[in-house]
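Trainee: Here you go, this is start_32.cif (mmCIF, C-alpha atoms and all ligand atoms).
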```cif
data_protein
loop_
_atom_site.label_atom_id
_atom_site.label_comp_id
_atom_site.auth_asym_id
_atom_site.auth_seq_id
_atom_site.Cartn_x
_atom_site.Cartn_y
_atom_site.Cartn_z
CA MET V 1 21.16 24.08 -2.66
CA GLY V 2 23.01 26.99 -4.21
CA ASN V 3 21.66 29.65 -1.84
CA SER V 4 23.82 32.63 -1.14
CA ASN V 5 21.94 34.46 1.63
CA SER V 6 22.42 33.72 5.33
CA ALA V 7 19.01 32.06 5.79
CA GLY V 8 20.03 29.81 2.93
CA HIS V 9 23.35 29.13 4.63
CA SER V 10 21.85 27.80 7.88
CA LEU V 11 19.32 25.83 5.85
CA ASN V 12 22.23 24.35 3.91
CA GLN V 13 23.78 23.17 7.15
CA ALA V 14 20.57 21.42 8.20
CA LEU V 15 20.22 19.92 4.75
CA ALA V 16 23.82 18.77 4.74
CA SER V 17 23.19 16.49 7.69
CA LEU V 18 19.89 15.36 6.20
CA LEU V 19 21.31 14.59 2.78
CA GLY V 20 24.76 13.39 3.84
CA ARG V 21 23.70 9.77 3.89
CA TYR V 22 22.74 9.84 0.25
CA GLY V 23 25.84 11.50 -1.13
CA GLY V 24 24.43 15.00 -1.20
CA ALA V 25 22.21 16.95 -3.56
CA ILE V 26 22.78 18.18 -7.10
CA ASP V 27 23.02 21.99 -7.27
CA PRO V 28 19.94 23.10 -9.24
CA ALA V 29 21.96 25.94 -10.80
CA ALA V 30 24.31 23.39 -12.35
CA ILE V 31 21.64 21.26 -14.05
CA ALA V 32 21.89 21.31 -17.86
CA PRO V 33 19.11 23.23 -19.60
CA ASP V 34 16.73 21.06 -21.64
CA SER V 35 17.69 17.91 -19.73
CA ALA V 36 15.26 15.54 -18.03
CA LEU V 37 16.90 16.59 -14.73
CA ARG V 38 16.03 20.25 -15.44
CA LEU V 39 12.40 19.30 -16.10
CA ALA V 40 12.45 17.29 -12.86
CA TRP V 41 13.67 20.28 -10.84
CA ASP V 42 11.20 22.72 -12.42
CA THR V 43 8.34 20.26 -11.91
CA GLY V 44 9.30 19.87 -8.25
CA CYS V 45 9.16 23.64 -7.73
CA ARG V 46 5.73 23.75 -9.40
CA ALA V 47 4.54 20.86 -7.19
CA LEU V 48 5.62 22.88 -4.15
CA ASP V 49 3.71 25.95 -5.40
CA GLN V 50 0.67 23.83 -6.19
CA THR V 51 0.72 22.31 -2.71
CA ILE V 52 0.78 25.75 -1.11
CA GLY V 53 -1.78 27.15 -3.54
CA ARG V 54 -4.34 24.42 -2.97
CA LEU V 55 -3.80 23.85 0.72
CA ALA V 56 -4.28 26.74 2.99
CA ALA V 57 -1.82 27.64 5.09
CA ALA V 58 -1.82 27.17 8.39
CA ALA V 59 -0.42 30.36 9.84
CA GLY V 60 3.11 31.16 8.88
CA THR V 61 3.25 29.19 5.68
CA ALA V 62 5.05 31.29 3.14
CA ARG V 63 6.77 31.00 -0.19
CA ASP V 64 9.36 33.68 0.45
CA GLN V 65 12.37 31.42 0.17
CA PRO V 66 14.57 30.53 -2.78
CA ALA V 67 12.92 28.19 -5.29
CA GLY V 68 12.59 24.73 -3.88
CA ILE V 69 12.09 25.77 -0.25
CA ILE V 70 8.97 26.76 1.68
CA SER V 71 8.29 27.67 5.27
CA LEU V 72 5.82 25.49 7.10
CA PRO V 73 4.04 26.35 10.37
CA ALA V 74 5.99 26.36 13.64
CA GLY V 75 9.24 27.50 12.08
CA GLU V 76 9.70 24.38 9.99
CA GLN V 77 11.04 24.36 6.48
CA LEU V 78 10.49 22.00 3.58
CA ALA V 79 13.20 21.77 0.94
CA LEU V 80 13.34 19.90 -2.34
CA ALA V 81 16.46 18.09 -3.48
CA ILE V 82 17.63 15.92 -6.34
CA LEU V 83 20.03 13.45 -4.77
CA ASP V 84 23.27 12.73 -6.57
CA ARG V 85 22.99 8.95 -6.77
CA ASP V 86 21.89 6.71 -9.59
CA VAL V 87 19.08 4.84 -7.93
CA LEU V 88 15.37 4.84 -8.64
CA ASN V 89 13.19 6.29 -5.95
CA GLY V 90 12.11 9.24 -3.93
CA VAL V 91 12.56 9.83 -0.25
CA ALA V 92 11.06 12.03 2.45
CA GLY V 93 12.98 12.82 5.60
CA ARG V 94 13.37 15.18 8.47
CA ASP V 95 16.23 16.49 10.56
CA GLY V 96 15.35 18.92 13.32
CA ASN V 97 13.18 21.66 11.83
CA THR V 98 14.11 20.87 8.25
CA SER V 99 12.15 18.40 6.16
CA CYS V 100 13.17 17.28 2.74
CA ALA V 101 11.32 15.78 -0.20
CA ALA V 102 13.81 14.35 -2.65
CA ILE V 103 14.17 12.20 -5.73
CA PHE V 104 17.28 10.41 -6.94
CA ALA V 105 19.06 11.55 -10.10
CA ALA V 106 18.33 8.46 -12.21
CA LEU V 107 14.57 8.70 -11.79
CA PRO V 108 13.75 11.43 -14.36
CA VAL V 109 15.65 9.70 -17.17
CA VAL V 110 14.18 6.27 -16.40
CA ILE V 111 10.70 7.84 -16.40
CA ALA V 112 11.42 9.52 -19.75
CA GLU V 113 12.70 6.26 -21.28
CA ILE V 114 9.54 4.40 -20.26
CA ALA V 115 7.27 7.27 -21.37
CA GLY V 116 9.13 7.33 -24.70
CA ALA V 117 8.48 3.61 -25.21
CA ILE V 118 4.79 4.13 -24.49
CA TRP V 119 4.36 6.94 -27.03
CA LYS V 120 6.50 5.19 -29.67
CA ASP V 121 4.30 2.08 -29.54
CA ALA V 122 1.36 2.20 -31.95
CA ARG V 123 -0.68 0.01 -29.58
CA CYS V 124 -0.45 2.52 -26.71
CA LEU V 125 -2.89 5.47 -26.60
CA HIS V 126 -3.50 4.81 -30.30
CA TRP V 127 -6.35 7.33 -30.53
CA ILE V 128 -3.98 10.23 -29.86
CA GLY V 129 -2.00 11.73 -32.76
CA ASP V 130 -0.71 9.82 -35.79
CA VAL V 131 0.43 6.25 -35.12
CA SER V 132 0.61 5.18 -38.78
CA SER V 133 4.40 5.57 -38.99
CA LEU V 134 5.10 3.83 -35.67
CA PRO V 135 6.01 0.14 -35.43
CA ALA V 136 3.11 -2.04 -34.31
CA THR V 137 5.44 -4.25 -32.31
CA PRO V 138 8.62 -2.42 -31.32
CA GLY V 139 11.81 -4.44 -30.92
CA GLY V 140 13.63 -5.32 -27.73
CA ASP V 141 14.63 -8.69 -26.41
CA SER V 142 12.07 -10.92 -24.75
CA ALA V 143 13.47 -10.39 -21.25
CA THR V 144 13.52 -6.59 -21.37
CA PRO V 145 10.62 -4.62 -22.79
CA PRO V 146 11.55 -1.53 -24.85
CA GLY V 147 12.03 1.46 -22.58
CA PHE V 148 13.06 -0.65 -19.59
CA GLU V 149 16.68 -1.28 -20.66
CA LEU V 150 18.17 1.47 -18.48
CA LEU V 151 16.03 0.46 -15.53
CA ARG V 152 17.23 -3.13 -15.90
CA LEU V 153 20.84 -1.97 -16.07
CA LEU V 154 20.45 0.10 -12.89
CA ALA V 155 18.61 -2.67 -11.06
CA ALA V 156 21.44 -5.07 -11.94
CA SER V 157 24.18 -2.66 -10.87
CA GLU V 158 22.55 -1.66 -7.59
CA ALA V 159 25.62 -2.58 -5.56
CA ALA V 160 28.09 -0.82 -7.87
CA PRO V 161 27.89 2.59 -9.52
CA PRO V 162 26.94 2.41 -13.22
CA GLU V 163 29.48 2.87 -16.03
CA PRO V 164 30.68 6.49 -16.45
CA GLN V 165 28.87 6.92 -19.78
CA VAL V 166 25.60 5.70 -18.21
CA ALA V 167 26.08 8.06 -15.27
CA ARG V 168 26.70 10.91 -17.73
CA TYR V 169 23.59 10.02 -19.74
CA LEU V 170 21.50 10.08 -16.55
CA ARG V 171 22.56 13.68 -15.87
CA THR V 172 22.46 15.18 -19.33
CA ALA V 173 19.93 13.25 -21.46
CA GLY V 174 17.50 15.68 -23.08
CA LEU V 175 13.81 15.03 -23.63
CA THR V 176 14.14 15.76 -27.36
CA GLN V 177 16.91 13.18 -27.65
CA ILE V 178 14.93 10.53 -25.75
CA ALA V 179 11.81 11.20 -27.84
CA ALA V 180 13.80 10.96 -31.09
CA ASP V 181 15.59 7.68 -30.28
CA ARG V 182 14.18 4.66 -32.09
CA GLY V 183 11.87 6.50 -34.43
CA GLY V 184 10.07 9.79 -34.61
CA LEU V 185 6.85 10.94 -33.01
CA CYS V 186 4.29 13.19 -34.65
CA PRO V 187 4.00 16.60 -32.92
CA VAL V 188 0.89 15.62 -30.94
CA ARG V 189 2.45 12.39 -29.66
CA ALA V 190 5.68 14.29 -28.90
CA ALA V 191 3.56 16.68 -26.80
CA GLY V 192 1.94 13.65 -25.15
CA PHE V 193 5.37 12.21 -24.34
CA ALA V 194 6.55 15.47 -22.72
CA GLN V 195 3.29 15.73 -20.77
CA THR V 196 3.59 12.14 -19.51
CA VAL V 197 7.12 12.75 -18.22
CA THR V 198 5.96 15.92 -16.45
CA ASP V 199 2.93 14.12 -14.96
CA ALA V 200 5.06 11.23 -13.68
CA LEU V 201 7.56 13.63 -12.07
CA HIS V 202 4.72 15.69 -10.64
CA PHE V 203 3.28 12.54 -9.09
CA VAL V 204 6.54 11.48 -7.44
CA TRP V 205 7.27 14.96 -6.05
CA LEU V 206 3.74 15.41 -4.70
CA HIS V 207 3.91 11.93 -3.14
CA GLU V 208 7.13 12.81 -1.27
CA ILE V 209 5.86 16.28 -0.31
CA ALA V 210 2.73 14.54 1.06
CA HIS V 211 4.87 12.46 3.43
CA VAL V 212 6.13 15.75 4.90
CA VAL V 213 2.98 17.91 4.96
CA LEU V 214 0.75 15.09 6.21
CA GLY V 215 3.11 14.62 9.14
CA HIS V 216 4.30 11.12 8.20
CA VAL V 217 7.97 11.88 8.73
CA ASP V 218 7.20 13.11 12.26
CA GLY V 219 4.89 10.31 13.30
CA SER V 220 7.04 7.60 11.87
CA ARG V 221 10.16 9.01 13.48
CA LEU V 222 8.48 9.03 16.86
CA HIS V 223 6.74 5.70 16.70
CA LEU V 224 8.69 3.47 14.37
CA GLY V 225 11.80 4.11 16.38
CA SER V 226 14.17 4.98 13.57
CA ASP V 227 16.73 7.73 14.03
CA SER V 228 16.52 11.37 13.00
CA MET V 229 16.35 10.51 9.31
CA LEU V 230 13.28 8.63 8.30
CA GLU V 231 13.79 6.61 5.17
CA LEU V 232 10.21 6.13 4.24
CA GLU V 233 11.13 4.75 0.86
CA MET V 234 14.52 3.30 1.66
CA ALA V 235 14.39 1.42 4.94
CA GLN V 236 14.97 -2.31 4.97
CA PRO V 237 11.80 -4.39 4.88
CA ILE V 238 10.53 -5.78 8.13
CA ALA V 239 9.85 -9.37 7.17
CA ARG V 240 8.84 -10.99 10.46
CA PRO V 241 5.15 -11.92 10.43
CA ALA V 242 4.71 -10.38 13.90
CA GLU V 243 5.55 -7.04 12.35
CA ARG V 244 2.98 -7.31 9.59
CA LYS V 245 1.12 -4.58 11.39
CA VAL V 246 4.01 -2.15 10.94
CA ASN V 247 4.06 -2.93 7.23
CA ARG V 248 0.31 -2.38 7.02
CA VAL V 249 0.78 1.03 8.68
CA ARG V 250 3.42 1.84 6.08
CA GLN V 251 1.05 0.76 3.33
CA ALA V 252 -1.60 3.05 4.79
CA LEU V 253 0.88 5.97 4.75
CA GLU V 254 1.73 5.19 1.13
CA VAL V 255 -1.95 5.13 0.14
CA MET V 256 -2.40 8.54 1.83
CA ALA V 257 0.60 9.98 -0.05
CA ASP V 258 -0.64 8.55 -3.37
CA ASP V 259 -4.14 9.96 -2.75
CA PHE V 260 -2.75 13.41 -1.90
CA ALA V 261 -0.72 13.48 -5.12
CA LEU V 262 -3.51 12.14 -7.33
CA ARG V 263 -6.09 14.58 -5.95
CA LEU V 264 -3.89 17.58 -6.73
CA ILE V 265 -2.98 16.30 -10.19
CA PHE V 266 -6.55 15.57 -11.26
CA SER V 267 -8.10 18.66 -9.73
CA HIS V 268 -5.55 20.65 -11.73
CA ARG V 269 -6.52 18.73 -14.89
CA HIS V 270 -10.25 19.18 -14.31
CA GLY V 271 -9.63 22.88 -13.71
CA GLU V 272 -8.24 23.05 -17.24
CA LEU V 273 -11.56 21.73 -18.59
CA ALA V 274 -13.38 24.77 -17.24
CA ARG V 275 -11.13 27.15 -19.17
CA PRO V 276 -11.61 27.98 -22.85
CA ARG V 277 -10.02 25.28 -25.02
CA SER V 278 -7.23 26.29 -27.31
CA ARG V 279 -6.63 24.35 -30.49
CA ALA V 280 -3.48 26.22 -31.48
CA GLY V 281 -0.31 24.26 -32.12
CA PRO V 282 0.42 20.55 -31.60
CA ARG V 283 -1.40 20.38 -28.30
CA LEU V 284 -3.14 17.54 -26.59
CA ASP V 285 -6.90 17.76 -26.30
CA PRO V 286 -7.75 18.61 -22.63
CA LEU V 287 -9.79 15.39 -22.49
CA ASP V 288 -6.74 13.41 -23.61
CA ARG V 289 -4.63 15.19 -20.99
CA ILE V 290 -6.64 13.35 -18.32
CA ALA V 291 -5.75 9.94 -19.80
CA THR V 292 -2.14 11.15 -20.11
CA ALA V 293 -2.10 11.95 -16.39
CA VAL V 294 -3.39 8.43 -15.66
CA ILE V 295 -0.40 6.99 -17.54
CA GLY V 296 1.99 9.45 -15.87
CA ALA V 297 0.83 8.49 -12.38
CA ALA V 298 1.13 4.78 -13.23
CA ILE V 299 4.74 4.96 -14.44
CA ILE V 300 6.41 5.23 -11.02
CA PRO V 301 4.63 2.24 -9.41
CA LEU V 302 5.26 0.31 -12.62
CA ALA V 303 8.97 1.22 -12.69
CA LEU V 304 9.45 0.26 -9.03
CA HIS V 305 7.70 -3.04 -9.65
CA ALA V 306 9.85 -3.71 -12.73
CA ALA V 307 13.05 -2.81 -10.84
CA GLU V 308 12.15 -5.28 -8.12
CA THR V 309 11.43 -7.97 -10.70
CA PHE V 310 14.75 -7.30 -12.46
CA SER V 311 16.85 -7.18 -9.28
CA GLY V 312 15.21 -10.31 -7.90
CA HIS V 313 14.29 -8.97 -4.45
CA ALA V 314 10.95 -7.53 -3.54
CA SER V 315 11.82 -4.94 -0.93
CA PRO V 316 9.42 -1.97 -0.92
CA VAL V 317 6.62 -4.15 -2.26
CA ILE V 318 6.05 -5.32 1.30
CA TRP V 319 4.90 -1.92 2.48
CA HIS V 320 3.79 -0.38 -0.80
CA PRO V 321 0.25 -1.22 -1.83
CA PRO V 322 0.05 -3.83 -4.59
CA LEU V 323 0.54 -2.52 -8.11
CA TRP V 324 -2.98 -3.34 -9.29
CA PHE V 325 -4.37 -1.41 -6.30
CA ARG V 326 -2.30 1.67 -7.11
CA ALA V 327 -3.52 1.49 -10.72
CA GLN V 328 -7.13 1.13 -9.64
CA ARG V 329 -6.70 3.99 -7.15
CA ILE V 330 -5.64 6.32 -9.98
CA LEU V 331 -9.01 5.78 -11.68
CA SER V 332 -10.93 6.09 -8.37
CA ILE V 333 -9.29 9.38 -7.40
CA GLU V 334 -9.83 10.79 -10.89
CA ALA V 335 -13.56 10.08 -10.46
CA MET V 336 -13.62 11.65 -6.97
CA ALA V 337 -11.75 14.74 -8.16
CA TYR V 338 -14.20 15.08 -11.07
CA ARG V 339 -17.19 14.98 -8.71
CA ASP V 340 -15.52 17.59 -6.46
CA ALA V 341 -14.92 19.85 -9.46
CA CYS V 342 -18.58 19.55 -10.55
CA ASP V 343 -19.74 20.25 -6.97
CA ALA V 344 -17.60 23.38 -6.83
CA LEU V 345 -18.93 24.53 -10.19
CA SER V 346 -22.51 23.89 -9.06
CA ALA V 347 -22.00 25.76 -5.80
CA ALA V 348 -20.64 28.77 -7.66
CA ALA V 349 -23.49 28.70 -10.21
CA GLY V 350 -26.26 28.10 -7.66
CA SER V 351 -27.62 25.13 -9.63
CA ARG V 352 -26.41 21.74 -10.73
CA ARG V 353 -23.62 21.94 -13.33
CA GLU V 354 -21.38 19.34 -14.97
CA LEU V 355 -17.92 20.15 -16.29
CA LEU V 356 -18.41 17.83 -19.27
CA THR V 357 -21.37 16.57 -21.26
CA ALA V 358 -22.38 12.98 -20.51
CA GLN V 359 -20.84 11.94 -23.80
CA GLU V 360 -17.54 13.70 -23.05
CA ARG V 361 -17.39 12.21 -19.57
CA PHE V 362 -17.99 8.74 -20.98
CA GLN V 363 -15.17 9.34 -23.43
CA VAL V 364 -12.79 10.38 -20.64
CA LEU V 365 -13.61 7.33 -18.52
CA THR V 366 -13.23 4.99 -21.47
CA HIS V 367 -9.91 6.56 -22.44
CA CYS V 368 -8.52 6.51 -18.87
CA SER V 369 -9.31 2.82 -18.61
CA ALA V 370 -7.93 2.17 -22.09
CA ALA V 371 -4.78 4.13 -21.21
CA LEU V 372 -4.02 1.79 -18.31
CA MET V 373 -4.93 -1.24 -20.40
CA SER V 374 -2.66 -0.05 -23.22
CA LEU V 375 0.31 -0.47 -20.86
CA THR V 376 -0.30 -4.21 -21.03
CA ALA V 377 0.83 -4.05 -24.66
CA LEU V 378 4.33 -3.17 -23.44
CA HIS V 379 5.21 -6.36 -21.67
CA PRO V 380 3.75 -9.42 -19.92
CA LEU V 381 5.05 -7.86 -16.72
CA VAL V 382 2.33 -5.24 -17.00
CA ALA V 383 -0.27 -7.64 -18.33
CA ASP V 384 0.19 -9.69 -15.17
CA TRP V 385 -0.97 -6.93 -12.90
CA ILE V 386 -3.76 -5.38 -14.81
CA GLY V 387 -4.66 -7.55 -17.79
CA PRO V 388 -6.47 -10.56 -16.41
CA MET V 389 -8.65 -8.73 -13.92
CA GLN V 390 -11.89 -7.24 -15.19
CA GLU V 391 -12.52 -3.62 -14.33
CA GLU V 392 -15.53 -4.33 -12.10
CA GLU V 393 -13.58 -6.97 -10.23
CA ARG V 394 -10.62 -4.60 -9.78
CA ARG V 395 -12.90 -1.95 -8.33
CA ARG V 396 -14.51 -4.40 -5.90
CA VAL V 397 -11.24 -5.98 -4.73
CA GLY V 398 -9.68 -2.52 -4.48
CA ALA V 399 -12.43 -1.26 -2.20
CA ARG V 400 -12.02 -4.33 0.01
CA PHE V 401 -8.23 -3.87 0.18
CA LEU V 402 -8.77 -0.29 1.36
CA GLU V 403 -11.38 -1.27 3.96
CA ASP V 404 -9.14 -4.01 5.37
CA LEU V 405 -6.20 -1.61 5.49
CA LYS V 406 -8.24 1.02 7.34
CA ALA V 407 -9.61 -1.53 9.80
CA GLU V 408 -6.18 -2.99 10.54
CA THR V 409 -4.53 0.39 11.08
CA ALA V 410 -7.39 2.27 12.78
CA THR V 411 -5.97 1.79 16.26
CA SER V 412 -2.37 2.45 15.28
CA PRO V 413 -0.79 5.23 17.36
CA ILE V 414 1.12 6.30 14.24
CA ILE V 415 -2.01 6.86 12.16
CA GLY V 416 -3.89 8.33 15.15
CA GLY V 417 -1.00 10.63 16.01
CA LEU V 418 -0.57 12.24 12.59
CA ARG V 419 -0.57 16.04 12.68
CA PRO V 420 -0.97 17.39 9.15
CA LYS V 421 0.85 20.68 8.64
CA LEU V 422 -1.51 22.03 6.01
CA ARG V 423 -5.27 21.86 5.71
CA PRO V 424 -7.40 21.97 2.58
CA ALA V 425 -8.21 25.53 1.54
CA PRO V 426 -11.84 26.64 1.98
CA ARG V 427 -13.50 27.06 -1.40
ZN ZN F 1 6.01 6.98 -0.13
#
```
Once you've parsed the file, please lay out its structure as structure tokens.
Ligand SMILES: [Zn+2]
Mentor:
Amino acid sequence: MGNSNSAGHSLNQALASLLGRYGGAIDPAAIAPDSALRLAWDTGCRALDQTIGRLAAAAGTARDQPAGIISLPAGEQLALAILDRDVLNGVAGRDGNTSCAAIFAALPVVIAEIAGAIWKDARCLHWIGDVSSLPATPGGDSATPPGFELLRLLAASEAAPPEPQVARYLRTAGLTQIAADRGGLCPVRAAGFAQTVTDALHFVWLHEIAHVVLGHVDGSRLHLGSDSMLELEMAQPIARPAERKVNRVRQALEVMADDFALRLIFSHRHGELARPRSRAGPRLDPLDRIATAVIGAAIIPLALHAAETFSGHASPVIWHPPLWFRAQRILSIEAMAYRDACDALSAAAGSRRELLTAQERFQVLTHCSAALMSLTALHPLVADWIGPMQEEERRRVGARFLEDLKAETATSPIIGGLRPKLRPAPR
């Protein structure tokens, strides 16, 4: 991790055993400035700060370590890492008193490629910025939607490392370069692109951090019977019907991690609404930043789904919630976080207050929904999961999925035995 002090040294030893299986971590000090990897690392550090800022510490929680490491209660430590392998995913694990939330090196660039395709398509988020110079139907062959080429390449070469020039691109590609490929973006859409990449990275980091701070890596290690390293995102699927229950427990853990990440992202966004709005420079409207976060949070589930489709085997799908549910959950949590923000505002003011006018709120809801729907313009792959189902129907089926999941996992010793390490901060 590039630490030079002695605390860092012993931490490095713990991390070495934790990360050894994945080929080790990239030294943050060696990451090229301006690259997607640099943005990924900086976003991870901010996600760690945000987690600590919004969740009160249990005693002993401190941010006195080098960037990318925090102390948790009971002498535990949580470290971030970017793992030096070209696969698409994140992972949360634990070895002794050291927990790790990590993403793999290819993820930031794949996210940026997909985000670039979204903002370079005049049909996507068309109300933001100037789309007049963008192609109405971008090229790309029928099998691979624009923006998914790299993902397809990586999915196909899962067994073998990618070509050296691909590997190099994954470590050095800059956001400016990715945004400029295949046509230019107006400054507002360029800002939207950068924001979407940040939001998607934020989501994946907070999701992995959630697996640690909600105690999933402990509970799963004890009860699922794996060894000292829990591969929440990497383990082989358990396909026997008798073990459906274990998969349902995993789905429940994934829903918890998604919810944790989405709550923090949207409460941050709603917090921005309460501050004076600046119109200086090519900035996104704060209302549009909410729809941008919806897209950002949808990119990872979408990319994983696409990778599984391309590689022809549906591994994590078994224990991840279905894609349409994850998409619906993004909208549900945004609505919950908005209500929480209005409640907090009302409590502080001593009378009922709304963050937005009714008209503004209607606009946000319409745009969030339209943002998800605009992904269906990219490829039939996306249309399959979100297009045919009406919004009301999605909401109803989503609520039933969640109820069934809770009922089936209520008596699980894993769910019952979770010991979160951080609690929500009192307002
Ligand atoms: Zn997960």
Trainee: List all protein, DNA and RNA residues that have an atom no more than 9 Å from any atom of ligand ZN 1 (chain F), counting all atoms listed in the file, and report them as a JSON list (two decimals) with C-alpha atoms, keeping the file's coordinate frame.
Mentor:
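Result file follows (part_22.json):
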```json
[["chain", "number", "residue", "atom", "x", "y", "z"],
["V", 90, "GLY", "CA", 12.11, 9.24, -3.93],
["V", 91, "VAL", "CA", 12.56, 9.83, -0.25],
["V", 92, "ALA", "CA", 11.06, 12.03, 2.45],
["V", 204, "VAL", "CA", 6.54, 11.48, -7.44],
["V", 207, "HIS", "CA", 3.91, 11.93, -3.14],
["V", 208, "GLU", "CA", 7.13, 12.81, -1.27],
["V", 210, "ALA", "CA", 2.73, 14.54, 1.06],
["V", 211, "HIS", "CA", 4.87, 12.46, 3.43],
["V", 232, "LEU", "CA", 10.21, 6.13, 4.24],
["V", 233, "GLU", "CA", 11.13, 4.75, 0.86],
["V", 250, "ARG", "CA", 3.42, 1.84, 6.08],
["V", 251, "GLN", "CA", 1.05, 0.76, 3.33],
["V", 253, "LEU", "CA", 0.88, 5.97, 4.75],
["V", 254, "GLU", "CA", 1.73, 5.19, 1.13],
["V", 255, "VAL", "CA", -1.95, 5.13, 0.14],
["V", 256, "MET", "CA", -2.40, 8.54, 1.83],
["V", 257, "ALA", "CA", 0.60, 9.98, -0.05],
["V", 258, "ASP", "CA", -0.64, 8.55, -3.37],
["V", 320, "HIS", "CA", 3.79, -0.38, -0.80]]
```
Trainee: CA of Ala30 in chain V and CA of Gly75 in chain V are how many Å apart?
Mentor: 29.0 Å
Trainee: Hey, can you check how far CA of Ile103 in chain V sits from CA of Asp259 in chain V?
Mentor: 18.7 Å
Trainee: Could you please determine the separation between CA of Leu304 in chain V and CA of Arg396 in chain V in Å, to one decimal place?
Mentor: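 Calculated distance between CA of Leu304 in chain V and CA of Arg396 in chain V is 24.6 Å.
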Trainee: Between V:Cys342, V:Ala102, V:Ala327, V:Leu378, which one has atoms that come closest to Asp121 in chain V, using all atoms listed in the file?
Mentor: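 Ranked by minimum distance to Asp121 in chain V, first place goes to V:Leu378.
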Trainee: Tell me, as a count of residues only, which residues lie within 9 Å of Val212 in chain V, counting only C-alpha atoms; anything in the same chain fewer than 6 positions away does not count.
Mentor: 10
Trainee: When you count only C-alpha atoms, which of these residues is closest to His305 in chain V: V:Ala36, V:Ala143, V:Ala155, V:Ala200?
Mentor: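 Of V:Ala36, V:Ala143, V:Ala155, V:Ala200, the one nearest His305 in chain V is V:Ala155, counting only C-alpha atoms.
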Trainee: Could you list, as a list of chain:residue names, every residue within 9 Å of Glu391 in chain V, counting all atoms listed in the file and ignoring same-chain residues fewer than 4 positions away?
Mentor: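 Selected residues are V:Gln328, V:Ser369, V:Ile386, V:Arg395, V:Arg396.
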Trainee: Within 7 Å of (22.9, 11.0, -12.5), all atoms listed in the file: residues as a list in words?
Mentor: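 Those residues lying close to the given coordinates are Asp84, Arg85, Asp86, Ala105, Ala106, Ala167, Arg168, Leu170 and Arg171 of chain V.
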Trainee: From the set V:Ile70, V:Val166, V:Val197, V:Ala407, which residue has the shortest atom-to-atom contact distance to Arg38 in chain V, counting all atoms listed in the file?
Mentor: V:Val197
Trainee: With distances taken over all atoms listed in the file, which of V:Gly271, V:Pro164, V:Gly116, V:Pro322 is nearest to Gly296 in chain V?
Mentor: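 Closest residue, counting all atoms listed in the file: V:Gly116.
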Trainee: Which of these residues is nearest to Thr176 in chain V, using only C-alpha atoms: V:Ile290, V:Leu201, V:Leu39, V:Leu345?
Mentor: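 Using only C-alpha atoms, Thr176 in chain V sits closest to V:Leu39.
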Trainee: I'd like to know which of V:Ile114, V:Arg329, V:Phe193, V:Ser267 is closest to Leu402 in chain V, using all atoms listed in the file.
Mentor: V:Arg329
Trainee: Please fill the gaps in range 205-215 of chain V so it has N, CA and C atoms, and write that as a short mmCIF file (atom, residue, chain, number, x, y, z; two decimals), in the frame of the given file.
Mentor:
```cif
data_model
loop_
_atom_site.label_atom_id
_atom_site.label_comp_id
_atom_site.auth_asym_id
_atom_site.auth_seq_id
_atom_site.Cartn_x
_atom_site.Cartn_y
_atom_site.Cartn_z
N TRP V 205 6.98 13.84 -6.96
CA TRP V 205 7.27 14.96 -6.05
C TRP V 205 6.12 15.16 -5.06
N LEU V 206 4.88 15.18 -5.58
CA LEU V 206 3.74 15.41 -4.70
C LEU V 206 3.61 14.28 -3.67
N HIS V 207 3.95 13.07 -4.07
CA HIS V 207 3.91 11.93 -3.14
C HIS V 207 4.91 12.17 -2.00
N GLU V 208 6.12 12.58 -2.32
CA GLU V 208 7.13 12.81 -1.27
C GLU V 208 6.77 14.02 -0.41
N ILE V 209 6.28 15.09 -1.06
CA ILE V 209 5.86 16.28 -0.31
C ILE V 209 4.73 15.90 0.65
N ALA V 210 3.83 14.99 0.20
CA ALA V 210 2.73 14.54 1.06
C ALA V 210 3.26 13.90 2.34
N HIS V 211 4.32 13.10 2.23
CA HIS V 211 4.87 12.46 3.43
C HIS V 211 5.30 13.51 4.46
N VAL V 212 5.72 14.68 3.97
CA VAL V 212 6.13 15.75 4.90
C VAL V 212 4.91 16.51 5.42
N VAL V 213 4.06 17.02 4.50
CA VAL V 213 2.98 17.91 4.96
C VAL V 213 1.86 17.16 5.67
N LEU V 214 1.75 15.85 5.46
CA LEU V 214 0.75 15.09 6.21
C LEU V 214 1.29 14.60 7.56
N GLY V 215 2.54 14.94 7.83
CA GLY V 215 3.11 14.62 9.14
C GLY V 215 3.69 13.22 9.24
#
```
